[in-house]
$ cat entry_22.csv   # CSV, C-alpha atoms
chain,number,residue,atom,x,y,z
N,1,MET,CA,48.6,-18.0,-62.5
N,2,ASN,CA,47.2,-21.5,-63.3
N,3,CYS,CA,44.7,-23.5,-61.3
N,4,GLU,CA,47.4,-25.7,-59.7
N,5,GLN,CA,49.2,-22.7,-58.3
N,6,ILE,CA,45.9,-21.0,-57.2
N,7,GLU,CA,44.5,-24.2,-55.7
N,8,ARG,CA,47.4,-24.3,-53.2
N,9,SER,CA,46.4,-21.0,-51.8
N,10,LEU,CA,42.6,-21.5,-51.7
N,11,ASP,CA,42.5,-22.7,-48.1
N,12,ALA,CA,44.5,-19.6,-47.0
N,13,TYR,CA,42.2,-17.5,-49.2
N,14,VAL,CA,39.1,-18.9,-47.6
N,15,ASP,CA,40.7,-18.4,-44.2
N,16,ARG,CA,41.7,-14.9,-45.0
N,17,GLU,CA,45.2,-15.7,-44.2
N,18,ILE,CA,46.9,-14.4,-47.4
N,19,ASP,CA,48.1,-10.9,-48.1
N,20,VAL,CA,46.1,-8.4,-50.1
N,21,ASP,CA,48.1,-8.9,-53.3
N,22,ALA,CA,47.8,-12.7,-53.3
N,23,ALA,CA,44.1,-12.4,-52.5
N,24,GLY,CA,43.7,-10.1,-55.5
N,25,ALA,CA,45.4,-12.6,-57.7
N,26,VAL,CA,43.1,-15.4,-56.5
N,27,ARG,CA,40.0,-13.2,-57.0
N,28,GLU,CA,41.2,-12.4,-60.5
N,29,HIS,CA,41.6,-16.1,-61.3
N,30,LEU,CA,38.2,-17.0,-59.7
N,31,ALA,CA,36.5,-14.6,-62.0
N,32,THR,CA,37.5,-16.7,-65.0
N,33,CYS,CA,37.6,-20.2,-63.5
N,34,PRO,CA,34.4,-22.1,-62.6
N,35,SER,CA,36.2,-25.1,-61.2
N,36,CYS,CA,38.2,-23.0,-58.7
N,37,ARG,CA,35.0,-21.1,-57.9
N,38,ARG,CA,33.3,-24.4,-57.1
N,39,ARG,CA,36.3,-25.4,-54.9
N,40,VAL,CA,36.0,-22.1,-52.9
N,41,ALA,CA,32.3,-22.7,-52.5
N,42,GLU,CA,33.0,-26.2,-51.2
N,43,LEU,CA,35.6,-25.0,-48.8
N,44,GLU,CA,33.3,-22.3,-47.5
N,45,ALA,CA,30.4,-24.7,-47.1
N,46,LEU,CA,32.7,-27.1,-45.3
N,47,GLY,CA,33.9,-24.4,-43.0
N,48,ARG,CA,30.3,-23.5,-42.1
N,49,LEU,CA,29.4,-27.1,-41.5
N,50,VAL,CA,32.4,-27.7,-39.3
N,51,ARG,CA,31.8,-24.5,-37.3
N,52,SER,CA,28.2,-25.5,-36.8
N,53,VAL,CA,29.4,-28.4,-34.6
N,54,PRO,CA,29.1,-27.2,-31.0
N,55,PRO,CA,32.3,-27.5,-29.0
N,56,TYR,CA,32.4,-29.9,-26.1
N,57,PRO,CA,32.0,-27.7,-23.0
N,58,ALA,CA,34.3,-28.3,-20.0
N,59,PRO,CA,32.5,-30.4,-17.3
N,60,ALA,CA,30.9,-28.1,-14.6
N,61,ARG,CA,32.5,-30.2,-11.9
N,62,LEU,CA,36.0,-29.5,-13.3
N,63,ARG,CA,35.3,-25.8,-13.6
N,64,ALA,CA,33.9,-25.6,-10.1
N,65,GLN,CA,37.0,-27.3,-8.8
N,66,LEU,CA,39.3,-24.9,-10.5
N,67,ALA,CA,37.4,-21.8,-9.5
N,68,GLN,CA,38.0,-22.6,-5.9
N,69,PRO,CA,40.7,-20.7,-4.0
N,70,ARG,CA,43.9,-22.6,-4.4
N,71,ALA,CA,44.3,-23.6,-0.8
N,72,ALA,CA,40.9,-25.4,-0.8
N,73,ARG,CA,41.6,-26.9,-4.2
N,74,MET,CA,44.7,-28.7,-2.8
N,75,LYS,CA,42.6,-30.3,-0.1
N,76,LEU,CA,39.9,-31.7,-2.3
N,77,PRO,CA,39.6,-35.4,-1.8
N,78,LEU,CA,40.1,-37.6,-4.8
N,79,SER,CA,41.7,-34.7,-6.6
N,80,ARG,CA,44.9,-35.5,-8.5
N,81,MET,CA,46.2,-32.2,-7.2
N,82,VAL,CA,46.7,-33.8,-3.8
N,83,THR,CA,48.8,-36.6,-5.4
N,84,TRP,CA,50.9,-34.0,-7.2
N,85,ALA,CA,51.4,-31.9,-4.1
N,86,ALA,CA,52.4,-35.0,-2.1
N,87,ALA,CA,54.8,-36.1,-4.8
N,88,ALA,CA,56.3,-32.7,-4.9
N,89,THR,CA,56.8,-32.7,-1.1
N,90,VAL,CA,58.6,-36.1,-1.2
N,91,VAL,CA,60.9,-34.8,-4.0
N,92,LEU,CA,61.7,-31.7,-2.0
N,93,ALA,CA,62.4,-33.8,1.1
N,94,VAL,CA,64.7,-36.2,-0.8
N,95,GLY,CA,66.4,-33.3,-2.4
N,96,ALA,CA,67.0,-31.5,0.9
N,97,GLY,CA,68.4,-34.7,2.4
N,98,PHE,CA,70.8,-35.1,-0.5
N,99,VAL,CA,72.2,-31.7,-0.1
N,100,VAL,CA,72.6,-32.0,3.7
N,101,ARG,CA,74.6,-35.2,3.4
N,102,ARG,CA,77.1,-33.8,1.0
N,103,SER,CA,79.3,-30.8,1.2
N,104,SER,CA,78.4,-28.2,-1.4
N,105,THR,CA,81.9,-28.5,-3.0
N,106,SER,CA,81.5,-32.2,-3.8
N,107,ALA,CA,78.0,-31.6,-5.0
N,108,ALA,CA,79.4,-28.9,-7.4
N,109,ASP,CA,82.1,-31.3,-8.6
N,110,THR,CA,79.5,-34.0,-9.2
N,111,MET,CA,77.5,-31.5,-11.2
N,112,ALA,CA,80.5,-30.5,-13.3
N,113,GLU,CA,81.1,-34.2,-14.1
N,114,GLU,CA,77.5,-34.8,-14.9
N,115,VAL,CA,77.2,-31.7,-17.1
N,116,VAL,CA,80.4,-32.6,-19.1
N,117,SER,CA,79.1,-36.1,-19.5
N,118,GLY,CA,75.7,-34.8,-20.7
N,119,HIS,CA,77.5,-32.5,-23.2
N,120,VAL,CA,79.6,-35.4,-24.6
N,121,ARG,CA,76.6,-37.7,-24.7
N,122,SER,CA,74.6,-35.2,-26.7
N,123,LEU,CA,77.4,-34.9,-29.3
N,124,MET,CA,78.2,-38.6,-29.5
N,125,ALA,CA,74.7,-40.0,-29.5
N,126,ASN,CA,73.8,-37.5,-32.2
N,127,HIS,CA,70.9,-36.4,-30.0
N,128,LEU,CA,71.4,-32.7,-29.7
N,129,PHE,CA,67.7,-31.7,-30.1
N,130,ASP,CA,64.3,-32.8,-29.2
N,131,VAL,CA,63.1,-29.5,-30.6
N,132,GLU,CA,65.1,-28.0,-33.4
N,133,SER,CA,64.4,-24.3,-33.8
N,134,THR,CA,66.2,-21.1,-33.8
N,135,ASP,CA,63.1,-19.4,-32.5
N,136,GLN,CA,63.0,-19.0,-28.7
N,137,HIS,CA,59.2,-18.7,-29.0
N,138,THR,CA,59.1,-22.3,-30.4
N,139,VAL,CA,61.7,-23.7,-28.0
N,140,LYS,CA,60.3,-22.3,-24.8
N,141,PRO,CA,56.7,-23.6,-25.1
N,142,TRP,CA,58.1,-27.0,-26.1
N,143,PHE,CA,59.3,-27.5,-22.6
N,144,LEU,CA,55.8,-26.7,-21.2
N,145,GLY,CA,54.4,-29.8,-19.6
N,146,LYS,CA,57.6,-31.7,-20.0
N,147,LEU,CA,59.4,-30.2,-17.0
N,148,ASP,CA,58.0,-28.9,-13.7
N,149,PHE,CA,59.7,-25.6,-14.3
N,150,ALA,CA,59.9,-23.2,-17.2
N,151,PRO,CA,63.5,-22.6,-18.3
N,152,PRO,CA,64.2,-19.1,-19.7
N,153,VAL,CA,65.0,-19.4,-23.4
N,154,VAL,CA,66.7,-16.6,-25.3
N,155,ASP,CA,68.3,-16.5,-28.7
N,156,LEU,CA,71.7,-14.9,-28.7
N,157,ALA,CA,72.1,-14.8,-32.5
N,158,ALA,CA,72.7,-11.0,-32.2
N,159,ASN,CA,75.7,-11.7,-30.0
N,160,GLY,CA,77.0,-14.3,-32.4
N,161,TYR,CA,75.7,-17.4,-30.5
N,162,PRO,CA,72.6,-18.5,-32.4
N,163,LEU,CA,70.1,-20.8,-30.6
N,164,LEU,CA,69.8,-24.1,-32.4
N,165,GLY,CA,67.2,-25.9,-30.3
N,166,GLY,CA,66.6,-27.7,-27.0
N,167,ARG,CA,66.0,-31.1,-25.5
N,168,LEU,CA,65.2,-32.9,-22.3
N,169,ASP,CA,68.2,-34.3,-20.6
N,170,TYR,CA,69.0,-35.9,-17.3
N,171,VAL,CA,71.7,-34.7,-15.0
N,172,ASP,CA,72.4,-36.3,-11.7
N,173,GLY,CA,69.1,-38.3,-12.1
N,174,ARG,CA,67.0,-35.1,-12.5
N,175,ALA,CA,65.2,-34.0,-15.6
N,176,VAL,CA,66.7,-30.7,-16.8
N,177,ALA,CA,66.3,-28.4,-19.8
N,178,ALA,CA,69.2,-28.4,-22.2
N,179,LEU,CA,69.5,-25.5,-24.7
N,180,VAL,CA,71.9,-25.8,-27.6
N,181,TYR,CA,73.8,-22.8,-29.0
N,182,GLN,CA,76.4,-22.6,-31.6
N,183,ARG,CA,79.6,-20.5,-32.1
N,184,ARG,CA,81.2,-21.3,-35.5
N,185,LYS,CA,81.7,-25.1,-35.4
N,186,HIS,CA,81.5,-25.3,-31.6
N,187,THR,CA,78.4,-26.5,-29.8
N,188,ILE,CA,77.4,-25.0,-26.5
N,189,ASN,CA,75.1,-26.9,-24.2
N,190,VAL,CA,73.3,-25.0,-21.5
N,191,PHE,CA,71.7,-27.1,-18.8
N,192,ILE,CA,69.1,-25.4,-16.7
N,193,GLU,CA,67.2,-26.6,-13.6
N,194,PRO,CA,65.8,-25.1,-10.4
N,195,VAL,CA,68.4,-24.3,-7.8
N,196,GLN,CA,69.0,-27.3,-5.6
N,197,GLY,CA,69.2,-26.8,-1.9
N,198,GLY,CA,69.3,-23.0,-2.1
N,199,ARG,CA,72.9,-22.9,-3.3
N,200,ARG,CA,73.5,-19.5,-5.0
N,201,VAL,CA,76.4,-18.9,-7.3
N,202,ALA,CA,77.2,-15.5,-8.9
N,203,PHE,CA,79.6,-16.9,-11.5
N,204,GLU,CA,82.1,-19.8,-11.6
N,205,ALA,CA,84.3,-20.9,-14.4
N,206,THR,CA,86.0,-24.2,-14.4
N,207,SER,CA,87.6,-26.8,-16.8
N,208,LEU,CA,87.2,-30.5,-16.8
N,209,ARG,CA,88.5,-33.1,-19.3
N,210,GLY,CA,89.3,-30.4,-21.8
N,211,PHE,CA,85.9,-28.8,-21.6
N,212,HIS,CA,85.1,-25.4,-20.2
N,213,LEU,CA,82.2,-24.8,-17.9
N,214,CYS,CA,80.5,-21.7,-16.6
N,215,HIS,CA,78.0,-22.0,-13.8
N,216,TRP,CA,75.7,-19.4,-12.2
N,217,THR,CA,72.3,-19.1,-10.6
N,218,ARG,CA,69.7,-16.5,-11.3
N,219,ASP,CA,66.0,-16.1,-10.3
N,220,GLY,CA,65.9,-19.5,-8.7
N,221,MET,CA,67.4,-21.3,-11.7
N,222,ALA,CA,70.9,-22.9,-11.9
N,223,PHE,CA,72.7,-22.7,-15.2
N,224,TRP,CA,75.6,-24.7,-16.6
N,225,ALA,CA,77.1,-23.7,-19.9
N,226,VAL,CA,79.6,-26.3,-21.3
N,227,SER,CA,81.6,-26.3,-24.5
N,228,ASP,CA,84.9,-27.0,-26.1
N,229,LEU,CA,84.9,-23.3,-26.9
N,230,ALA,CA,87.9,-21.3,-25.6
N,231,ALA,CA,87.3,-20.3,-21.9
N,232,ALA,CA,87.2,-16.6,-22.6
N,233,GLU,CA,84.6,-17.0,-25.3
N,234,LEU,CA,82.5,-19.3,-23.2
N,235,SER,CA,82.6,-16.7,-20.4
N,236,GLU,CA,81.5,-14.0,-22.9
N,237,PHE,CA,78.6,-16.2,-24.0
N,238,ALA,CA,77.7,-16.8,-20.3
N,239,ARG,CA,77.7,-13.1,-19.7
N,240,ALA,CA,75.5,-12.5,-22.7
N,241,LEU,CA,73.1,-15.1,-21.5
N,242,GLN,CA,73.1,-13.6,-18.0
N,243,GLY,CA,72.6,-10.1,-19.4
N,244,ASN,CA,69.3,-11.2,-21.0
I,1,MET,CA,51.4,-14.3,-8.2
I,2,ALA,CA,48.0,-13.8,-6.7
I,3,PRO,CA,45.8,-16.8,-7.1
I,4,ARG,CA,43.0,-14.7,-8.5
I,5,VAL,CA,45.1,-13.7,-11.4
I,6,PHE,CA,45.6,-17.3,-12.4
I,7,GLU,CA,41.9,-17.9,-12.2
I,8,GLU,CA,41.1,-14.8,-14.2
I,9,THR,CA,43.6,-15.7,-16.8
I,10,VAL,CA,43.0,-19.4,-17.3
I,11,LEU,CA,39.4,-20.1,-16.5
I,12,PRO,CA,38.0,-18.1,-19.4
I,13,HIS,CA,39.8,-20.6,-21.7
I,14,LEU,CA,38.7,-23.7,-19.9
I,15,ASP,CA,36.1,-24.6,-22.5
I,16,ALA,CA,38.5,-24.1,-25.4
I,17,ALA,CA,41.0,-26.3,-23.5
I,18,PHE,CA,38.5,-29.0,-22.9
I,19,ASN,CA,37.2,-29.0,-26.4
I,20,TYR,CA,40.7,-29.4,-27.7
I,21,ALA,CA,41.5,-32.2,-25.2
I,22,ARG,CA,38.2,-33.8,-26.1
I,23,TRP,CA,39.0,-33.8,-29.8
I,24,LEU,CA,42.5,-35.1,-29.2
I,25,ALA,CA,41.4,-37.9,-26.9
I,26,LYS,CA,38.1,-38.5,-28.6
I,27,ASN,CA,36.8,-39.7,-25.2
I,28,GLU,CA,35.1,-37.7,-22.4
I,29,ALA,CA,36.8,-39.3,-19.4
I,30,GLU,CA,40.2,-39.2,-21.0
I,31,ALA,CA,39.7,-35.5,-21.9
I,32,GLU,CA,38.8,-34.7,-18.3
I,33,ASP,CA,42.0,-36.4,-17.0
I,34,VAL,CA,44.0,-34.5,-19.6
I,35,LEU,CA,42.5,-31.2,-18.7
I,36,GLN,CA,42.9,-31.8,-15.0
I,37,ASP,CA,46.6,-32.6,-15.4
I,38,ALA,CA,47.0,-29.7,-17.7
I,39,CYS,CA,45.5,-27.3,-15.2
I,40,VAL,CA,47.8,-28.6,-12.5
I,41,ARG,CA,50.7,-27.9,-14.8
I,42,ALA,CA,49.3,-24.5,-15.8
I,43,VAL,CA,49.2,-23.5,-12.1
I,44,ARG,CA,52.9,-24.5,-11.8
I,45,PHE,CA,54.0,-22.8,-15.0
I,46,PHE,CA,51.8,-19.8,-14.5
I,47,GLN,CA,54.8,-17.6,-13.6
I,48,SER,CA,56.4,-18.5,-17.0
I,49,LEU,CA,53.4,-16.9,-18.8
I,50,ARG,CA,54.6,-13.4,-19.8
I,51,GLY,CA,53.5,-11.7,-23.0
I,52,GLU,CA,51.9,-14.8,-24.7
I,53,ASP,CA,48.3,-15.2,-25.4
I,54,PRO,CA,47.0,-17.2,-22.4
I,55,ARG,CA,44.6,-19.3,-24.6
I,56,ALA,CA,47.3,-20.4,-26.9
I,57,TRP,CA,49.5,-21.0,-23.9
I,58,LEU,CA,46.9,-23.2,-22.2
I,59,LEU,CA,46.2,-25.1,-25.4
I,60,THR,CA,50.0,-25.8,-25.7
I,61,ILE,CA,50.0,-27.3,-22.2
I,62,VAL,CA,46.9,-29.4,-23.0
I,63,ARG,CA,48.6,-30.7,-26.1
I,64,ASN,CA,51.9,-31.5,-24.3
I,65,THR,CA,50.0,-33.2,-21.5
I,66,TRP,CA,48.0,-35.3,-23.9
I,67,TYR,CA,51.1,-36.4,-25.9
I,68,SER,CA,53.0,-37.2,-22.8
I,69,ARG,CA,50.1,-39.5,-21.7
I,70,VAL,CA,49.9,-41.1,-25.1
I,71,SER,CA,53.7,-41.8,-25.2
I,72,ARG,CA,53.6,-43.1,-21.7
I,73,ARG,CA,50.9,-45.5,-22.5
I,74,ALA,CA,52.4,-46.4,-25.9
I,75,ALA,CA,55.6,-47.4,-24.1
I,76,SER,CA,53.7,-49.7,-21.7
I,77,THR,CA,51.3,-51.3,-24.1
I,78,GLU,CA,53.3,-51.0,-27.3
I,79,THR,CA,50.1,-49.9,-29.1
I,80,ALA,CA,49.8,-46.2,-29.7
I,81,LEU,CA,46.6,-45.2,-28.0
I,82,ASP,CA,45.9,-42.8,-30.7
I,83,GLU,CA,46.0,-45.4,-33.4
I,84,ARG,CA,43.5,-47.5,-31.4
I,85,ASN,CA,41.2,-44.5,-31.0
I,86,ASP,CA,41.5,-43.8,-34.7
I,87,GLU,CA,40.5,-47.3,-35.5
I,88,ARG,CA,37.6,-47.1,-33.3
I,89,ALA,CA,36.5,-43.9,-35.1
I,90,ASP,CA,36.8,-45.7,-38.4
I,91,ASP,CA,34.5,-48.4,-37.1
I,92,CYS,CA,31.9,-45.9,-36.2
I,93,LEU,CA,31.9,-44.6,-39.8
I,94,ASP,CA,31.1,-47.9,-41.5
I,95,PRO,CA,28.6,-47.5,-44.4
I,96,GLU,CA,25.6,-48.9,-42.6
I,97,GLU,CA,26.0,-46.5,-39.6
I,98,GLN,CA,26.8,-43.7,-41.9
I,99,LEU,CA,23.4,-44.2,-43.5
I,100,LEU,CA,21.8,-44.1,-40.0
I,101,GLN,CA,23.6,-40.9,-39.1
I,102,GLN,CA,21.0,-38.5,-40.3
I,103,HIS,CA,21.9,-35.8,-38.0
I,104,THR,CA,24.3,-33.3,-39.4
I,105,ILE,CA,26.2,-32.7,-36.3
I,106,ASP,CA,26.8,-36.4,-35.7
I,107,ARG,CA,27.8,-36.8,-39.2
I,108,VAL,CA,30.3,-34.0,-39.1
I,109,ARG,CA,31.7,-35.0,-35.7
I,110,ALA,CA,32.2,-38.6,-36.9
I,111,ALA,CA,34.0,-37.3,-40.0
I,112,ILE,CA,36.3,-35.1,-38.0
I,113,ALA,CA,36.9,-37.9,-35.5
I,114,GLN,CA,38.2,-40.3,-38.2
I,115,LEU,CA,40.8,-37.8,-39.3
I,116,PRO,CA,44.4,-38.7,-38.2
I,117,VAL,CA,45.2,-36.7,-35.1
I,118,ASP,CA,47.7,-34.4,-36.8
I,119,TYR,CA,45.0,-33.2,-39.3
I,120,ARG,CA,42.2,-33.3,-36.7
I,121,GLU,CA,43.9,-31.0,-34.3
I,122,VAL,CA,44.7,-28.2,-36.8
I,123,LEU,CA,41.2,-28.4,-38.1
I,124,VAL,CA,39.7,-28.1,-34.5
I,125,LEU,CA,42.1,-25.3,-33.6
I,126,ARG,CA,41.2,-23.4,-36.8
I,127,GLU,CA,37.5,-24.0,-37.1
I,128,LEU,CA,36.3,-24.6,-33.6
I,129,GLU,CA,38.8,-22.5,-31.6
I,130,GLY,CA,39.3,-19.8,-34.3
I,131,LEU,CA,43.1,-19.7,-34.0
I,132,SER,CA,45.2,-18.0,-36.7
I,133,TYR,CA,47.7,-20.1,-38.6
I,134,LYS,CA,50.5,-18.4,-36.6
I,135,GLU,CA,48.8,-19.3,-33.3
I,136,ILE,CA,48.3,-22.9,-34.4
I,137,ALA,CA,51.9,-23.1,-35.4
I,138,GLY,CA,52.8,-22.0,-31.9
I,139,VAL,CA,50.5,-24.5,-30.2
I,140,ILE,CA,51.6,-27.6,-32.2
I,141,GLY,CA,55.2,-26.5,-32.5
I,142,ALA,CA,55.4,-26.7,-36.3
I,143,PRO,CA,56.1,-24.2,-39.1
I,144,ILE,CA,53.1,-22.4,-40.6
I,145,GLY,CA,53.6,-24.3,-43.9
I,146,THR,CA,52.9,-27.5,-42.0
I,147,VAL,CA,49.8,-26.0,-40.5
I,148,MET,CA,48.6,-25.0,-44.0
I,149,SER,CA,49.3,-28.4,-45.6
I,150,ARG,CA,47.7,-30.3,-42.8
I,151,LEU,CA,44.6,-28.1,-42.8
I,152,ALA,CA,44.3,-28.5,-46.6
I,153,ARG,CA,44.6,-32.3,-46.3
I,154,ALA,CA,42.1,-32.4,-43.4
I,155,ARG,CA,39.5,-30.5,-45.5
I,156,GLU,CA,40.2,-32.6,-48.6
I,157,ARG,CA,39.5,-35.7,-46.6
I,158,LEU,CA,36.4,-34.2,-45.0
I,159,LEU,CA,35.0,-33.2,-48.3
I,160,GLY,CA,35.6,-36.8,-49.5
I,161,VAL,CA,33.8,-38.3,-46.6
I,162,LEU,CA,31.0,-35.8,-46.1
I,163,LYS,CA,30.0,-35.4,-49.8
I,164,LEU,CA,28.3,-32.1,-49.3
I,165,SER,CA,24.8,-31.8,-50.8
I,166,PRO,CA,24.3,-29.1,-53.4
I,167,ARG,CA,22.0,-27.4,-50.9
I,168,GLU,CA,24.9,-27.2,-48.4
I,169,THR,CA,27.3,-25.9,-50.9
I,170,LEU,CA,25.0,-23.2,-52.1
I,171,ARG,CA,23.7,-22.1,-48.7
$ encode --input "entry_22.csv" --output "C-alpha cells"
Amino acid sequence: MNCEQIERSLDAYVDREIDVDAAGAVREHLATCPSCRRRVAELEALGRLVRSVPPYPAPARLRAQLAQPRAARMKLPLSRMVTWAAAATVVLAVGAGFVVRRSSTSAADTMAEEVVSGHVRSLMANHLFDVESTDQHTVKPWFLGKLDFAPPVVDLAANGYPLLGGRLDYVDGRAVAALVYQRRKHTINVFIEPVQGGRRVAFEATSLRGFHLCHWTRDGMAFWAVSDLAAAELSEFARALQGN
Amino acid sequence: MAPRVFEETVLPHLDAAFNYARWLAKNEAEAEDVLQDACVRAVRFFQSLRGEDPRAWLLTIVRNTWYSRVSRRAASTETALDERNDERADDCLDPEEQLLQQHTIDRVRAAIAQLPVDYREVLVLRELEGLSYKEIAGVIGAPIGTVMSRLARARERLLGVLKLSPRETLR
C-alpha cells in the first residue's frame, strides 16, 4: 500500500479503531516510511495535547438541583422545570377539554382525515424524511429532544417492510412522530403520538379517499398506519408492527 | 420508574454532558441552559432508555437540545448563532493574542474553539469524552465514515493552528 492509502487510516490507527489486519499493514508501512511515521507521531502528540485540556465540570449548583428528589426539584423557584411542568399541565387541560367536547367517533374521523392528509403531504412535498436511515437505532434517538415522548421504532425488513426513516409531522395541530416504511413501490407512513384522552383501540381498519388506514393503541401510544397498499397487506404490516 | 434510578443513571454523566454542551455552545451560561433543558427532557424520556449506554443517550439529548435552541434562534434572528460564536472564536485567535497565549491549555482550547462545530464536536467526543467511533456516530446521527473524516479534518486543522514544537511531538 502507498502513503496515500495508508494516510487515510492513520487517524483510525492512532485511535485503535482499525482491525488487526489493517493495523498490521499500517505498521508494516510505517517501518519503511519516515514521513508517515512523523505523521503518526504528530497525531499522537496532538491527542496527548488535546486530552491534557481539562473538561469543563458541570456547575455544582446544577448538580445539586438535579440530585434532589424529583418532587422537591419541581418546586424549586426560578427553575425552568416549573415552567415546563406548568406548560405540560396547560396542554393536558386543553387536551382534556377538546376530547370532552367532541364525541370519540368524530374525533376518530378527524384523525383519519388528518392522517391521510399527512400521508399525501409527505409524498407530494417530497418531504418523507427528516432522518433517512434503515437503522432503528439511528431513527429512534433522532426523535429524542424533538418530541415530548419517545416513539417505539422497529425495523420490519425481516417481514418485508423495511424502515426507510422518520420525520416530525403535525397531525391535528400536534407534533407527532412519523415513521416511513416501504413495501415494494408503496410507501407506508406510521404516525405515532401519545394516546389522547384515554381512548383505547385494539385494532381498527378503515379506508378514506382511496387510502387504507389501520389504527390501534398500545402502551399509551396511538398508532396510525396509512398507505395505498392493499388493505390486507396493510393489516399484515400493522400486525407485524404490533407484534414487535 | 423509581426516581432514584434516574439519578443513579444520569448524574454520573453530568460532567460529560456539561463538557459537551460547553464545547458546543462555547459559552458557560448557554451551556448551563442547554444542560438544564436536556435534563428536563432526560427525565421525561427516561422510560425510553432501554439497552442503550446512558452516557451516549444523555449526550444525544444534549446535542438535540442544543441544535433545537440554535435553530429556534436562527429562525428569529436570521443569523446562525453558531456562526457568530465561531466568528468570535476566530477573533480570539488573532496573531497578537496568539502570541500572548503562552499557556498550553488556553492555546489548545482556543484552537479547538475555532474549529467548525461539526469538527469540534467529534473531536471533543473522541478525545475528551473517550467515545468510540461507533458511539460518536450514534450521538451525532451520522455514519462512522463521516465521523472518521470529520475527526481527520479536525486534527488536520489543529495541527495547522497549533504548530507543535519538536519537544511536544517527541514527548
$ closest_residue --input "entry_22.csv" --among "N:Glu236, N:Glu132, N:Asp21, N:Glu28" --to "chain I" --atoms "only C-alpha atoms"
N:Glu132
$ interface_residues --input "entry_22.csv" --of "chain N" --to "chain I" --cutoff "6 Å" --atoms "all atoms listed in the file" --output "PyMOL selection string"
chain N and resi 42+45+51+53+55-58+144-145+150
$ residues_around --input "entry_22.csv" --residues "Ser227 of chain N" --least-positions-apart "5" --cutoff "10 Å" --atoms "only C-alpha atoms" --output "PDB file with C-alpha atoms, in the coordinates of the input"
ATOM      1  CA  VAL N 116      80.400 -32.600 -19.100  1.00  0.00           C
ATOM      2  CA  HIS N 119      77.500 -32.500 -23.200  1.00  0.00           C
ATOM      3  CA  VAL N 120      79.600 -35.400 -24.600  1.00  0.00           C
ATOM      4  CA  TYR N 181      73.800 -22.800 -29.000  1.00  0.00           C
ATOM      5  CA  GLN N 182      76.400 -22.600 -31.600  1.00  0.00           C
ATOM      6  CA  ARG N 183      79.600 -20.500 -32.100  1.00  0.00           C
ATOM      7  CA  HIS N 186      81.500 -25.300 -31.600  1.00  0.00           C
ATOM      8  CA  THR N 187      78.400 -26.500 -29.800  1.00  0.00           C
ATOM      9  CA  ILE N 188      77.400 -25.000 -26.500  1.00  0.00           C
ATOM     10  CA  ASN N 189      75.100 -26.900 -24.200  1.00  0.00           C
ATOM     11  CA  VAL N 190      73.300 -25.000 -21.500  1.00  0.00           C
ATOM     12  CA  SER N 207      87.600 -26.800 -16.800  1.00  0.00           C
ATOM     13  CA  GLY N 210      89.300 -30.400 -21.800  1.00  0.00           C
ATOM     14  CA  PHE N 211      85.900 -28.800 -21.600  1.00  0.00           C
ATOM     15  CA  HIS N 212      85.100 -25.400 -20.200  1.00  0.00           C
ATOM     16  CA  LEU N 213      82.200 -24.800 -17.900  1.00  0.00           C
ATOM     17  CA  CYS N 214      80.500 -21.700 -16.600  1.00  0.00           C
ATOM     18  CA  GLU N 233      84.600 -17.000 -25.300  1.00  0.00           C
ATOM     19  CA  LEU N 234      82.500 -19.300 -23.200  1.00  0.00           C
TER      20      LEU N 234
END
$ residues_around --input "entry_22.csv" --residues "Val131 of chain N" --least-positions-apart "6" --cutoff "9 Å" --atoms "all atoms listed in the file" --output "NGL selection string"
(:N and (138-139 or 142 or 164-167)) or (:I and (141))
$ residues_around --input "entry_22.csv" --residues "Phe237 of chain N" --least-positions-apart "6" --cutoff "9 Å" --atoms "all atoms listed in the file" --output "compact mmCIF listing (two decimals) with C-alpha atoms, keeping the file's coordinate frame"
# COMPACT_ATOMS: atom_id res chain seq x y z
CA LEU N 156 71.70 -14.90 -28.70
CA ASN N 159 75.70 -11.70 -30.00
CA GLY N 160 77.00 -14.30 -32.40
CA TYR N 161 75.70 -17.40 -30.50
CA ALA N 225 77.10 -23.70 -19.90
